[in-house]
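For reference, coords_28.cif is printed below; it contains mmCIF, C-alpha atoms.
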```
data_coords
#
loop_
_atom_site.label_atom_id
_atom_site.label_comp_id
_atom_site.auth_asym_id
_atom_site.auth_seq_id
_atom_site.Cartn_x
_atom_site.Cartn_y
_atom_site.Cartn_z
CA MET A 611 105.64 -3.85 103.10
CA ASP A 612 104.51 -6.58 105.50
CA SER A 613 103.71 -9.88 103.83
CA PRO A 614 99.90 -10.26 103.61
CA MET A 615 97.79 -13.15 104.80
CA PRO A 616 97.24 -15.58 101.90
CA ALA A 617 93.45 -15.17 102.05
CA ASN A 618 93.86 -11.41 101.55
CA ALA A 619 96.66 -11.55 98.96
CA ARG A 620 96.38 -10.81 95.27
CA ILE A 621 97.77 -14.04 93.82
CA SER A 622 98.58 -14.28 90.12
CA ILE A 623 99.61 -17.50 88.40
CA ILE A 624 101.29 -17.22 85.00
CA GLY A 625 100.59 -20.27 82.85
CA ALA A 626 97.49 -22.44 82.48
CA GLY A 627 99.28 -25.75 82.22
CA PRO A 628 98.79 -28.67 84.63
CA GLY A 629 100.95 -27.05 87.32
CA GLY A 630 99.34 -23.63 87.25
CA LEU A 631 95.80 -25.01 87.08
CA THR A 632 96.42 -27.51 89.89
CA CYS A 633 97.67 -24.73 92.14
CA ALA A 634 94.66 -22.56 91.30
CA ARG A 635 92.21 -25.40 91.93
CA ILE A 636 93.60 -26.25 95.37
CA LEU A 637 93.70 -22.59 96.39
CA GLN A 638 90.07 -22.08 95.34
CA ARG A 639 89.05 -25.29 97.08
CA HIS A 640 90.28 -23.69 100.30
CA GLY A 641 88.67 -20.32 99.66
CA ILE A 642 91.77 -18.41 98.52
CA PRO A 643 91.18 -16.18 95.46
CA VAL A 644 93.55 -16.51 92.49
CA THR A 645 93.79 -15.40 88.86
CA VAL A 646 95.56 -17.36 86.12
CA TYR A 647 96.97 -15.59 83.04
CA ASP A 648 97.84 -17.51 79.88
CA ARG A 649 99.18 -16.40 76.52
CA ASP A 650 96.96 -18.75 74.47
CA PRO A 651 94.20 -16.73 72.73
CA GLU A 652 91.58 -19.17 73.99
CA VAL A 653 91.35 -22.60 75.57
CA ASN A 654 91.41 -24.64 72.32
CA SER A 655 93.84 -22.51 70.30
CA ARG A 656 96.53 -25.20 70.06
CA ASN A 657 97.14 -28.90 70.48
CA GLN A 658 98.18 -29.61 74.07
CA GLY A 659 100.59 -32.46 73.30
CA GLY A 660 100.78 -36.15 73.96
CA SER A 661 100.00 -38.57 76.75
CA LEU A 662 101.06 -38.25 80.39
CA ASP A 663 101.51 -40.91 83.06
CA LEU A 664 100.53 -39.61 86.48
CA HIS A 665 102.29 -41.30 89.39
CA GLU A 666 100.71 -42.21 92.70
CA GLU A 667 103.22 -40.26 94.80
CA ASP A 668 103.07 -36.92 92.96
CA GLY A 669 100.60 -36.34 90.10
CA GLN A 670 97.86 -38.42 91.71
CA PHE A 671 98.64 -36.93 95.13
CA ALA A 672 98.05 -33.47 93.65
CA LEU A 673 94.76 -34.53 92.08
CA ARG A 674 93.64 -36.02 95.39
CA GLU A 675 94.31 -32.68 97.10
CA ALA A 676 92.39 -31.01 94.28
CA GLY A 677 89.40 -33.33 94.85
CA LEU A 678 89.71 -34.65 91.29
CA LEU A 679 91.28 -38.08 91.63
CA GLU A 680 88.12 -40.08 90.92
CA GLU A 681 87.37 -37.95 87.86
CA PHE A 682 90.92 -38.59 86.67
CA PHE A 683 90.48 -42.35 87.08
CA ALA A 684 87.29 -42.15 84.99
CA LEU A 685 89.30 -40.61 82.12
CA ALA A 686 92.61 -42.45 82.55
CA ARG A 687 93.84 -45.27 80.33
CA PHE A 688 95.10 -47.98 82.66
CA GLU A 689 96.06 -50.16 79.69
CA GLY A 690 98.47 -47.36 78.73
CA GLN A 691 100.80 -48.57 81.51
CA GLU A 692 101.95 -51.33 79.14
CA MET A 693 105.60 -50.80 78.17
CA ARG A 694 107.57 -52.59 75.47
CA ARG A 695 111.32 -52.39 74.95
CA MET A 696 112.66 -53.52 71.61
CA ASP A 697 115.86 -53.60 69.60
CA PRO A 698 116.29 -51.89 66.21
CA VAL A 699 115.17 -55.07 64.46
CA GLY A 700 111.85 -55.04 66.33
CA SER A 701 112.53 -57.99 68.61
CA MET A 702 111.02 -57.70 72.07
CA LEU A 703 113.59 -57.31 74.84
CA SER A 704 111.19 -56.75 77.71
CA HIS A 705 107.48 -56.31 78.23
CA HIS A 706 105.57 -54.87 81.16
CA VAL A 707 101.88 -55.70 81.16
CA PRO A 708 99.98 -53.92 83.97
CA ASP A 709 98.20 -56.06 86.50
CA GLU A 710 94.43 -55.80 86.68
CA GLY A 711 93.59 -52.81 88.86
CA GLU A 712 97.15 -51.41 88.69
CA THR A 713 97.13 -47.65 89.34
CA ILE A 714 100.84 -46.88 89.62
CA SER A 715 100.98 -44.61 86.56
CA PRO A 716 97.88 -44.60 84.31
CA GLU A 717 97.95 -42.47 81.17
CA ILE A 718 95.84 -39.47 80.22
CA ASP A 719 96.08 -37.11 77.26
CA ARG A 720 97.50 -33.73 78.23
CA GLY A 721 94.44 -32.01 76.74
CA GLN A 722 92.08 -34.18 78.78
CA LEU A 723 93.97 -33.39 81.99
CA ARG A 724 93.87 -29.68 81.22
CA GLY A 725 90.15 -29.88 80.54
CA LEU A 726 89.54 -31.70 83.83
CA LEU A 727 91.38 -28.98 85.75
CA LEU A 728 89.76 -26.10 83.87
CA ARG A 729 86.25 -27.41 84.52
CA SER A 730 87.00 -27.47 88.25
CA LEU A 731 87.79 -23.74 88.44
CA ALA A 732 85.41 -20.88 89.08
CA ALA A 733 84.25 -19.09 85.93
CA GLY A 734 86.66 -16.36 84.85
CA THR A 735 89.64 -17.70 86.79
CA VAL A 736 91.75 -18.01 83.63
CA GLN A 737 92.30 -14.93 81.51
CA TRP A 738 93.26 -15.96 77.98
CA GLY A 739 95.33 -13.98 75.51
CA ARG A 740 97.49 -12.42 78.25
CA THR A 741 101.14 -12.73 77.24
CA LEU A 742 103.39 -11.64 80.09
CA GLU A 743 106.15 -9.23 79.14
CA SER A 744 107.76 -8.52 82.49
CA VAL A 745 107.54 -8.62 86.28
CA SER A 746 108.70 -5.47 88.04
CA GLY A 747 108.50 -3.90 91.47
CA PRO A 748 110.28 -4.41 94.80
CA ALA A 749 111.11 -7.87 96.10
CA GLU A 750 108.86 -7.35 99.10
CA GLY A 751 105.98 -6.52 96.76
CA PRO A 752 103.63 -5.62 95.37
CA ARG A 753 104.79 -6.70 91.91
CA THR A 754 103.58 -5.25 88.62
CA LEU A 755 102.77 -7.63 85.79
CA THR A 756 102.99 -6.00 82.36
CA PHE A 757 101.35 -7.78 79.43
CA ALA A 758 101.88 -7.57 75.69
CA ASP A 759 98.43 -6.03 75.20
CA GLY A 760 99.56 -2.97 77.17
CA THR A 761 97.69 -3.79 80.37
CA ALA A 762 99.22 -4.16 83.81
CA VAL A 763 98.08 -5.59 87.14
CA GLU A 764 99.50 -5.63 90.64
CA ALA A 765 100.06 -8.83 92.62
CA ASP A 766 101.23 -9.66 96.12
CA LEU A 767 102.43 -13.07 94.90
CA VAL A 768 103.40 -14.03 91.36
CA ILE A 769 103.66 -17.77 90.68
CA GLY A 770 105.64 -18.65 87.58
CA ALA A 771 104.09 -21.76 86.08
CA ASP A 772 104.99 -20.66 82.56
CA GLY A 773 107.27 -23.47 81.49
CA ALA A 774 110.75 -23.86 80.05
CA PHE A 775 111.20 -20.30 78.79
CA SER A 776 109.46 -18.65 81.72
CA ARG A 777 109.11 -14.86 81.73
CA VAL A 778 108.58 -14.91 85.50
CA ARG A 779 111.92 -16.64 86.13
CA ALA A 780 113.86 -13.49 85.22
CA ALA A 781 112.41 -11.75 88.29
CA VAL A 782 114.35 -14.06 90.62
CA SER A 783 117.01 -15.85 88.55
CA PRO A 784 119.33 -15.12 85.60
CA ALA A 785 119.33 -18.80 84.57
CA THR A 786 118.31 -19.74 81.05
CA PRO A 787 117.77 -23.22 79.57
CA TYR A 788 120.60 -24.81 77.59
CA TYR A 789 120.30 -27.27 74.71
CA THR A 790 121.08 -30.82 75.84
CA GLY A 791 122.41 -31.96 72.45
CA VAL A 792 119.49 -34.33 71.94
CA GLY A 793 116.55 -33.50 69.71
CA PHE A 794 113.13 -35.05 69.34
CA LEU A 795 111.23 -35.06 66.09
CA GLU A 796 107.54 -35.73 66.69
CA ALA A 797 105.45 -37.73 64.22
CA TRP A 798 101.67 -38.21 64.44
CA PHE A 799 99.64 -41.27 63.47
CA GLU A 800 95.84 -41.28 63.25
CA ASP A 801 93.19 -44.05 63.31
CA MET A 802 95.70 -46.67 64.41
CA GLU A 803 93.47 -49.74 64.30
CA ASN A 804 92.28 -49.15 60.74
CA ALA A 805 95.01 -47.12 59.05
CA HIS A 806 98.06 -48.55 60.84
CA PRO A 807 97.13 -52.02 62.15
CA GLU A 808 100.69 -53.43 61.92
CA LEU A 809 102.10 -50.53 63.94
CA SER A 810 99.26 -50.90 66.41
CA GLU A 811 100.30 -54.51 66.96
CA LEU A 812 103.97 -53.55 67.18
CA VAL A 813 103.51 -50.86 69.84
CA GLY A 814 100.67 -52.41 71.85
CA LYS A 815 98.28 -50.45 74.05
CA GLY A 816 100.85 -48.29 75.83
CA SER A 817 104.32 -47.29 74.71
CA ALA A 818 107.33 -48.83 73.04
CA HIS A 819 110.98 -47.78 73.10
CA ALA A 820 113.98 -48.84 71.03
CA ALA A 821 117.52 -47.45 70.81
CA ASP A 822 120.89 -48.40 69.39
CA GLY A 823 123.21 -46.22 71.46
CA GLU A 824 123.16 -43.25 69.08
CA ARG A 825 119.51 -42.86 68.14
CA GLY A 826 116.14 -44.08 69.31
CA LEU A 827 112.39 -44.21 68.80
CA PHE A 828 109.69 -43.81 71.43
CA ALA A 829 106.12 -44.59 70.40
CA GLN A 830 103.24 -43.64 72.67
CA ARG A 831 99.57 -44.44 72.25
CA ASN A 832 97.11 -41.60 72.92
CA SER A 833 93.35 -41.73 73.24
CA GLY A 834 90.98 -41.76 70.26
CA GLY A 835 93.11 -44.07 68.12
CA HIS A 836 96.02 -41.60 67.94
CA MET A 837 99.73 -42.29 68.39
CA ARG A 838 102.80 -40.10 68.65
CA VAL A 839 106.32 -41.24 67.83
CA TYR A 840 109.36 -39.34 69.05
CA ILE A 841 112.40 -39.78 66.79
CA MET A 842 115.37 -39.15 69.10
CA ARG A 843 118.93 -38.29 67.99
CA ARG A 844 122.07 -36.38 68.91
CA VAL A 845 121.89 -33.42 66.55
CA PRO A 846 122.74 -29.70 66.47
CA VAL A 847 119.84 -27.54 67.60
CA ASP A 848 119.60 -26.19 64.02
CA TRP A 849 120.06 -29.57 62.32
CA ILE A 850 117.26 -28.99 59.82
CA ALA A 851 118.89 -25.87 58.36
CA VAL A 852 122.40 -27.36 58.64
CA ASN A 853 121.27 -30.18 56.34
CA GLY A 854 119.74 -27.80 53.81
CA LEU A 855 116.17 -28.73 54.80
CA ARG A 856 113.09 -26.77 55.81
CA PRO A 857 110.62 -27.71 58.58
CA GLU A 858 107.80 -28.08 56.06
CA ASP A 859 109.89 -30.33 53.76
CA THR A 860 108.38 -33.57 55.07
CA GLU A 861 109.71 -35.77 52.26
CA GLY A 862 113.21 -34.33 52.51
CA ILE A 863 113.31 -34.83 56.27
CA ARG A 864 111.97 -38.36 55.88
CA ALA A 865 114.69 -39.24 53.38
CA HIS A 866 117.33 -37.80 55.71
CA LEU A 867 116.01 -39.86 58.62
CA LEU A 868 116.03 -43.06 56.58
CA GLY A 869 119.72 -42.50 55.98
CA GLU A 870 120.39 -42.07 59.69
CA TYR A 871 118.35 -45.18 60.59
CA ALA A 872 119.57 -47.30 57.68
CA SER A 873 120.59 -50.19 59.95
CA TRP A 874 117.10 -50.51 61.48
CA SER A 875 114.60 -53.04 60.17
CA PRO A 876 111.88 -52.06 57.68
CA ARG A 877 109.28 -52.90 60.33
CA MET A 878 110.74 -50.36 62.75
CA LEU A 879 111.30 -47.78 60.02
CA ARG A 880 107.54 -47.58 59.51
CA LEU A 881 107.47 -45.65 62.79
CA ILE A 882 109.42 -42.98 60.85
CA THR A 883 107.88 -43.18 57.40
CA ASP A 884 104.15 -43.91 57.86
CA ASN A 885 103.20 -40.81 59.84
CA ASP A 886 100.19 -38.70 58.91
CA GLY A 887 101.37 -35.19 58.17
CA ALA A 888 104.47 -33.16 58.93
CA TYR A 889 107.14 -33.68 61.57
CA VAL A 890 107.47 -31.33 64.56
CA ASP A 891 110.99 -30.44 65.72
CA ARG A 892 111.34 -30.47 69.53
CA PRO A 893 114.92 -29.90 70.76
CA LEU A 894 115.41 -30.79 74.42
CA PHE A 895 116.46 -28.05 76.82
CA ALA A 896 117.28 -28.16 80.53
CA LEU A 897 118.09 -25.75 83.33
CA PRO A 898 121.44 -25.99 85.17
CA VAL A 899 121.52 -28.78 87.73
CA SER A 900 120.38 -27.68 91.20
CA HIS A 901 118.95 -24.40 89.87
CA THR A 902 118.03 -22.11 92.74
CA TRP A 903 117.48 -18.42 93.44
CA GLU A 904 117.52 -15.88 96.23
CA HIS A 905 114.22 -15.98 98.09
CA SER A 906 111.64 -13.32 97.28
CA PRO A 907 108.41 -13.05 99.30
CA SER A 908 106.48 -11.97 96.21
CA VAL A 909 107.66 -14.31 93.40
CA THR A 910 108.18 -18.05 93.18
CA LEU A 911 108.34 -20.73 90.51
CA LEU A 912 107.02 -24.23 89.95
CA GLY A 913 107.43 -26.98 87.38
CA ASP A 914 109.65 -26.41 84.34
CA ALA A 915 110.01 -22.73 85.21
CA ALA A 916 111.87 -23.85 88.36
CA HIS A 917 113.59 -27.09 87.29
CA LEU A 918 113.44 -27.94 83.60
CA MET A 919 114.77 -31.49 83.09
CA PRO A 920 114.88 -34.07 80.27
CA PRO A 921 111.51 -35.74 79.53
CA LEU A 922 111.82 -38.92 81.56
CA GLY A 923 108.33 -39.08 83.03
CA VAL A 924 108.86 -36.64 85.89
CA GLY A 925 108.09 -33.20 84.43
CA VAL A 926 104.33 -32.91 84.78
CA ASN A 927 104.29 -35.02 87.93
CA LEU A 928 106.80 -32.71 89.63
CA ALA A 929 104.95 -29.62 88.41
CA MET A 930 101.70 -30.88 89.92
CA LEU A 931 103.43 -31.87 93.17
CA ASP A 932 105.04 -28.41 93.34
CA ALA A 933 101.63 -26.85 92.73
CA ALA A 934 99.93 -28.86 95.44
CA GLU A 935 102.64 -28.19 98.00
CA LEU A 936 102.70 -24.46 97.26
CA ALA A 937 98.92 -24.18 97.45
CA LEU A 938 98.78 -26.13 100.71
CA ALA A 939 101.57 -24.00 102.17
CA LEU A 940 99.52 -20.90 101.38
CA VAL A 941 96.46 -22.49 102.98
CA ARG A 942 98.34 -23.38 106.18
CA SER A 943 100.64 -20.36 106.65
CA ALA A 944 100.07 -17.05 108.41
CA THR A 945 101.68 -14.99 105.64
CA VAL A 946 102.54 -15.35 101.96
CA ASP A 947 106.22 -15.02 102.81
CA ASP A 948 106.04 -17.89 105.31
CA ALA A 949 104.31 -20.06 102.72
CA VAL A 950 106.84 -19.34 99.97
CA HIS A 951 109.73 -19.98 102.37
CA GLY A 952 108.35 -23.34 103.43
CA TYR A 953 107.46 -24.40 99.89
CA GLU A 954 110.84 -23.47 98.40
CA LYS A 955 112.78 -25.22 101.17
CA THR A 956 111.13 -28.53 100.24
CA MET A 957 110.84 -28.03 96.48
CA LEU A 958 114.38 -26.80 95.80
CA ALA A 959 115.97 -29.66 97.75
CA ARG A 960 113.84 -32.21 95.91
CA SER A 961 114.42 -30.76 92.47
CA ALA A 962 118.18 -30.49 93.09
CA GLU A 963 118.36 -34.18 93.92
CA ILE A 964 116.28 -35.25 90.93
CA SER A 965 118.07 -32.93 88.50
CA ARG A 966 121.41 -34.43 89.53
CA LEU A 967 120.05 -37.93 88.91
CA LEU A 968 118.71 -36.90 85.47
CA GLU A 969 121.60 -34.64 84.43
CA HIS A 970 122.48 -36.90 81.49
CA GLY A 971 118.96 -38.19 81.06
CA ALA A 972 118.67 -36.98 77.48
CA ASP A 973 121.58 -39.22 76.49
CA SER A 974 120.03 -42.16 78.34
CA LEU A 975 117.08 -42.05 75.95
CA LEU A 976 119.45 -43.15 73.18
CA ALA A 977 121.33 -45.75 75.20
CA LEU A 978 120.91 -49.47 74.72
CA PRO A 979 117.88 -50.48 76.81
CA ASP A 980 118.34 -51.08 80.50
CA LEU A 981 115.86 -53.85 81.19
CA GLY A 982 115.52 -52.79 84.80
CA PRO A 983 112.50 -54.31 86.54
CA PHE A 984 110.82 -55.51 83.37
CA SER A 985 110.67 -59.22 82.67
CA ARG A 986 112.43 -60.50 79.58
CA VAL A 987 110.14 -62.05 76.98
#
```
Represent the structure contained in this file as structure tokens.
Amino acid sequence: MDSPMPANARISIIGAGPGGLTCARILQRHGIPVTVYDRDPEVNSRNQGGSLDLHEEDGQFALREAGLLEEFFALARFEGQEMRRMDPVGSMLSHHVPDEGETISPEIDRGQLRGLLLRSLAAGTVQWGRTLESVSGPAEGPRTLTFADGTAVEADLVIGADGAFSRVRAAVSPATPYYTGVGFLEAWFEDMENAHPELSELVGKGSAHAADGERGLFAQRNSGGHMRVYIMRRVPVDWIAVNGLRPEDTEGIRAHLLGEYASWSPRMLRLITDNDGAYVDRPLFALPVSHTWEHSPSVTLLGDAAHLMPPLGVGVNLAMLDAAELALALVRSATVDDAVHGYEKTMLARSAEISRLLEHGADSLLALPDLGPFSRV
């Protein structure tokens, strides 16, 4: 089968996250039809997660190509660029306060970003409740997408934007994510100014990080008076069961954590003990460094599906950059195959370089703070 022109191709994106939606938006902006399939039953079926900082060179570049940068700035929290680094006692080691008008990496809630992208798409672009089971068919296409509800569709190009445990990835690569040895435990705090004023003062308007070499805490302000704290440790992937605990045993987990953080000050321990509700276990996975695959003219990947890395502020930004570059390649190329070739040549080289730099990034989250460019207080 000859590779079709992008404007005539049946393009299917799997995953309605920031990467998949960005790609769809840019394609539609240039008159190329696309359908997005997502496993969520409907748009508001689950919490979308915490706050994201979008960088000028990638996330914001993608939004500019999507025609949505000004709308992003209207929603973004520029004060969220504040960053505090502390020791386990709670003493400030460094403090970055953003300059007035600074736009290097403003924050936005993941749900707000998703809503911005969804509103920009033509009605019916996203089909909800479509859990992909498999991708089959010849490498030259067309491909058959089979869903858990028993339906199937054909596509000339399948774009895997379906995250860490991508179902699309298996069509081009045998790689699977491995556990990094570092786990996050997420804690939520509500109504910060009234219910948690001391923690609000401790963390500031953006984020705060502390570590002692073996464990750490990362607190991040969200919109609407919310805050998330990530309790970071080197633990087995099944550490909750290994310690005779259950995920819903909030008090038991809290007591266990207090033992692990016994050397930290009572002020800092409130970031562990004063949360509103249960903890959420989030072990960190990554794909092998320099993950690649044999080119297929009918399937490609972007974001975590292509290059899952530790959460060091690059994940969503790279996914959106991938999405923009892939969409623009489809806009500018004579065939789908040409577009995928050009996109993968750039994306795979970039992701290989960054994945090598971040190979031990999960461990760096627990290391004693590197003050870097921040000024000491």
Practice item. Name every residue that the PyMOL selection byres ((chain A and resi 750) around 8) selects in this structure, writing the answer as an MDAnalysis selection string with chains first and numbers rising. Key: chainID A and resid 611:613 748:749 751:752 906:908
Contacts of segment 787-848 of chain A with segment 694-714 of chain A up to 12 Å, shortest pair per row, all atoms listed in the file, as a tab-separated table:
```
residue	atom	partner	partner_atom	distance
A:Leu809	CA	A:Gly700	CA	11.0
A:Glu811	CA	A:Arg694	CA	11.4
A:Leu812	CA	A:Gly700	CA	8.1
A:Val813	CA	A:Arg694	CA	7.2
A:Gly814	CA	A:Arg694	CA	7.8
A:Lys815	CA	A:Val707	CA	9.5
A:Gly816	CA	A:Arg694	CA	8.0
A:Ser817	CA	A:Arg694	CA	6.3
A:Ala818	CA	A:Arg694	CA	4.5
A:His819	CA	A:Arg695	CA	5.0
A:Ala820	CA	A:Met696	CA	4.9
A:Ala821	CA	A:Asp697	CA	6.5
A:Asp822	CA	A:Pro698	CA	6.6
A:Gly823	CA	A:Pro698	CA	10.4
A:Glu824	CA	A:Pro698	CA	11.4
A:Arg825	CA	A:Pro698	CA	9.8
A:Gly826	CA	A:Pro698	CA	8.4
A:Leu827	CA	A:Pro698	CA	9.0
A:Phe828	CA	A:Arg695	CA	9.4
A:Ala829	CA	A:Arg694	CA	9.6
A:Gln830	CA	A:Arg694	CA	10.3
A:Arg831	CA	A:Arg694	CA	11.9
```
Review point. Near Gln670 of chain A, counting all atoms listed in the file, which residues have an atom at most 12 Å away, once you skip same-chain residues fewer than 5 positions from it, shown as a list in words?
Key: Thr632, Leu662, Asp663, Leu664, His665, Glu675, Ala676, Gly677, Leu678, Leu679, Glu680, Glu681, Phe682, Phe683, Ala686, Thr713, Ile714, Ser715, Pro716, Glu717, Ile718, Leu723, Val926, Asn927, Leu928, Ala929, Met930, Leu931 and Ala934 of chain A
Expected file: the selected residues, C-alpha atoms, as a PDB file, in the frame of the given file:
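In the end it all went to again.pdb:
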```pdb
ATOM      1  CA  THR A 632      96.420 -27.510  89.890  1.00  0.00           C
ATOM      2  CA  LEU A 662     101.060 -38.250  80.390  1.00  0.00           C
ATOM      3  CA  ASP A 663     101.510 -40.910  83.060  1.00  0.00           C
ATOM      4  CA  LEU A 664     100.530 -39.610  86.480  1.00  0.00           C
ATOM      5  CA  HIS A 665     102.290 -41.300  89.390  1.00  0.00           C
ATOM      6  CA  GLU A 675      94.310 -32.680  97.100  1.00  0.00           C
ATOM      7  CA  ALA A 676      92.390 -31.010  94.280  1.00  0.00           C
ATOM      8  CA  GLY A 677      89.400 -33.330  94.850  1.00  0.00           C
ATOM      9  CA  LEU A 678      89.710 -34.650  91.290  1.00  0.00           C
ATOM     10  CA  LEU A 679      91.280 -38.080  91.630  1.00  0.00           C
ATOM     11  CA  GLU A 680      88.120 -40.080  90.920  1.00  0.00           C
ATOM     12  CA  GLU A 681      87.370 -37.950  87.860  1.00  0.00           C
ATOM     13  CA  PHE A 682      90.920 -38.590  86.670  1.00  0.00           C
ATOM     14  CA  PHE A 683      90.480 -42.350  87.080  1.00  0.00           C
ATOM     15  CA  ALA A 686      92.610 -42.450  82.550  1.00  0.00           C
ATOM     16  CA  THR A 713      97.130 -47.650  89.340  1.00  0.00           C
ATOM     17  CA  ILE A 714     100.840 -46.880  89.620  1.00  0.00           C
ATOM     18  CA  SER A 715     100.980 -44.610  86.560  1.00  0.00           C
ATOM     19  CA  PRO A 716      97.880 -44.600  84.310  1.00  0.00           C
ATOM     20  CA  GLU A 717      97.950 -42.470  81.170  1.00  0.00           C
ATOM     21  CA  ILE A 718      95.840 -39.470  80.220  1.00  0.00           C
ATOM     22  CA  LEU A 723      93.970 -33.390  81.990  1.00  0.00           C
ATOM     23  CA  VAL A 926     104.330 -32.910  84.780  1.00  0.00           C
ATOM     24  CA  ASN A 927     104.290 -35.020  87.930  1.00  0.00           C
ATOM     25  CA  LEU A 928     106.800 -32.710  89.630  1.00  0.00           C
ATOM     26  CA  ALA A 929     104.950 -29.620  88.410  1.00  0.00           C
ATOM     27  CA  MET A 930     101.700 -30.880  89.920  1.00  0.00           C
ATOM     28  CA  LEU A 931     103.430 -31.870  93.170  1.00  0.00           C
ATOM     29  CA  ALA A 934      99.930 -28.860  95.440  1.00  0.00           C
TER      30      ALA A 934
END
```
Practice item. List the neighbours of Glu743 of chain A out to 6 Å using only C-alpha atoms; skip same-chain residues closer than 2 positions along the sequence, and give me the result as a ChimeraX atom specification. Key: /A:756-758
Practice item. Starting from the displayed file, determine the output of the PyMOL selection byres ((chain A and resi 899) around 8) and express the residue list as a count of residues only. Key: 8
Exercise for review: Using atom CA of Leu967 of chain A and atom CA of Met919 of chain A as the two end points, give the distance in Å to one decimal.
Suggested key: 10.2 Å
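Proximity to Thr860 of chain A at 9 Å, evaluated using all atoms listed in the file and with sequence-adjacent residues fewer than 6 positions away removed, yields Gly887, Ala888 and Tyr889 of chain A.
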Review point. Which neighbours of Glu954 of chain A fall inside 9 Å, counting all atoms listed in the file, when residues of the same chain fewer than 6 positions from it are skipped, and could you give them as an MDAnalysis selection string?
Key: chainID A and resid 905 910:911 936
Quick check on the file I pasted: which residues fall under the PyMOL selection byres ((chain A and resi 947) around 10)? Write them as an mmCIF file with C-alpha atoms, in the coordinates of the input.
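This is the output file part.cif:
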```
data_model
loop_
_atom_site.group_PDB
_atom_site.id
_atom_site.type_symbol
_atom_site.label_atom_id
_atom_site.label_comp_id
_atom_site.auth_asym_id
_atom_site.auth_seq_id
_atom_site.Cartn_x
_atom_site.Cartn_y
_atom_site.Cartn_z
ATOM 1 C CA ASP A 612 104.510 -6.580 105.500
ATOM 2 C CA SER A 613 103.710 -9.880 103.830
ATOM 3 C CA PRO A 614 99.900 -10.260 103.610
ATOM 4 C CA MET A 615 97.790 -13.150 104.800
ATOM 5 C CA PRO A 616 97.240 -15.580 101.900
ATOM 6 C CA GLU A 750 108.860 -7.350 99.100
ATOM 7 C CA ASP A 766 101.230 -9.660 96.120
ATOM 8 C CA LEU A 767 102.430 -13.070 94.900
ATOM 9 C CA HIS A 905 114.220 -15.980 98.090
ATOM 10 C CA SER A 906 111.640 -13.320 97.280
ATOM 11 C CA PRO A 907 108.410 -13.050 99.300
ATOM 12 C CA SER A 908 106.480 -11.970 96.210
ATOM 13 C CA VAL A 909 107.660 -14.310 93.400
ATOM 14 C CA LEU A 940 99.520 -20.900 101.380
ATOM 15 C CA SER A 943 100.640 -20.360 106.650
ATOM 16 C CA ALA A 944 100.070 -17.050 108.410
ATOM 17 C CA THR A 945 101.680 -14.990 105.640
ATOM 18 C CA VAL A 946 102.540 -15.350 101.960
ATOM 19 C CA ASP A 948 106.040 -17.890 105.310
ATOM 20 C CA ALA A 949 104.310 -20.060 102.720
ATOM 21 C CA VAL A 950 106.840 -19.340 99.970
ATOM 22 C CA HIS A 951 109.730 -19.980 102.370
ATOM 23 C CA GLY A 952 108.350 -23.340 103.430
ATOM 24 C CA TYR A 953 107.460 -24.400 99.890
#
```
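In this model, the gap between atom CA of Ala781 of chain A and atom CA of Val736 of chain A comes to 22.1 Å.
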Check your understanding: Quick one: of A:Arg674, A:Lys955, A:Arg856, A:His917, who's nearest to Val890 of chain A, counting all atoms listed in the file?
Key ->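 Residue with the minimum atom-to-atom distance to Val890 of chain A: A:Arg856.
Shortest separation to Arg740 of chain A among A:Ser833, A:Asn804, A:Ser661, A:Thr645 occurs at residue A:Thr645, atoms counted being only C-alpha atoms.
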Revision key, fill the gap. Atom CA of Arg649 of chain A sits from atom CA of Ser622 of chain A at a separation of 13.8 Å
Practice item. Excluding Tyr789 of chain A and residues on its chain fewer than 4 positions from it, collect all residues at most 7 Å away from it, counting all atoms listed in the file, and give them as a list in words. Key: Leu894, Phe895 and Ala896 of chain A
Exercise for review: Name the closest residue to Ala619 of chain A among the candidates A:Leu631, A:Ile636, A:Ala765, A:Met878; distances are taken between atoms, counting all atoms listed in the file.
Suggested key: A:Ala765
How would segment 805-811 of chain A read, as a CSV table (one decimal), in the coordinates of the input, once N, CA and C atoms are built in?
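Done, and the output landed in part15.csv:
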```csv
chain,number,residue,atom,x,y,z
A,805,ALA,N,94.0,-47.6,60.0
A,805,ALA,CA,95.0,-47.1,59.0
A,805,ALA,C,96.4,-47.7,59.3
A,806,HIS,N,96.7,-48.1,60.5
A,806,HIS,CA,98.1,-48.6,60.8
A,806,HIS,C,98.0,-49.8,61.7
A,807,PRO,N,97.3,-50.8,61.3
A,807,PRO,CA,97.1,-52.0,62.2
A,807,PRO,C,98.4,-52.7,62.5
A,808,GLU,N,99.4,-52.8,61.6
A,808,GLU,CA,100.7,-53.4,61.9
A,808,GLU,C,101.5,-52.7,63.0
A,809,LEU,N,101.4,-51.3,62.9
A,809,LEU,CA,102.1,-50.5,63.9
A,809,LEU,C,101.4,-50.6,65.3
A,810,SER,N,100.0,-50.7,65.2
A,810,SER,CA,99.3,-50.9,66.4
A,810,SER,C,99.7,-52.2,67.1
A,811,GLU,N,99.9,-53.2,66.4
A,811,GLU,CA,100.3,-54.5,67.0
A,811,GLU,C,101.7,-54.4,67.5
```
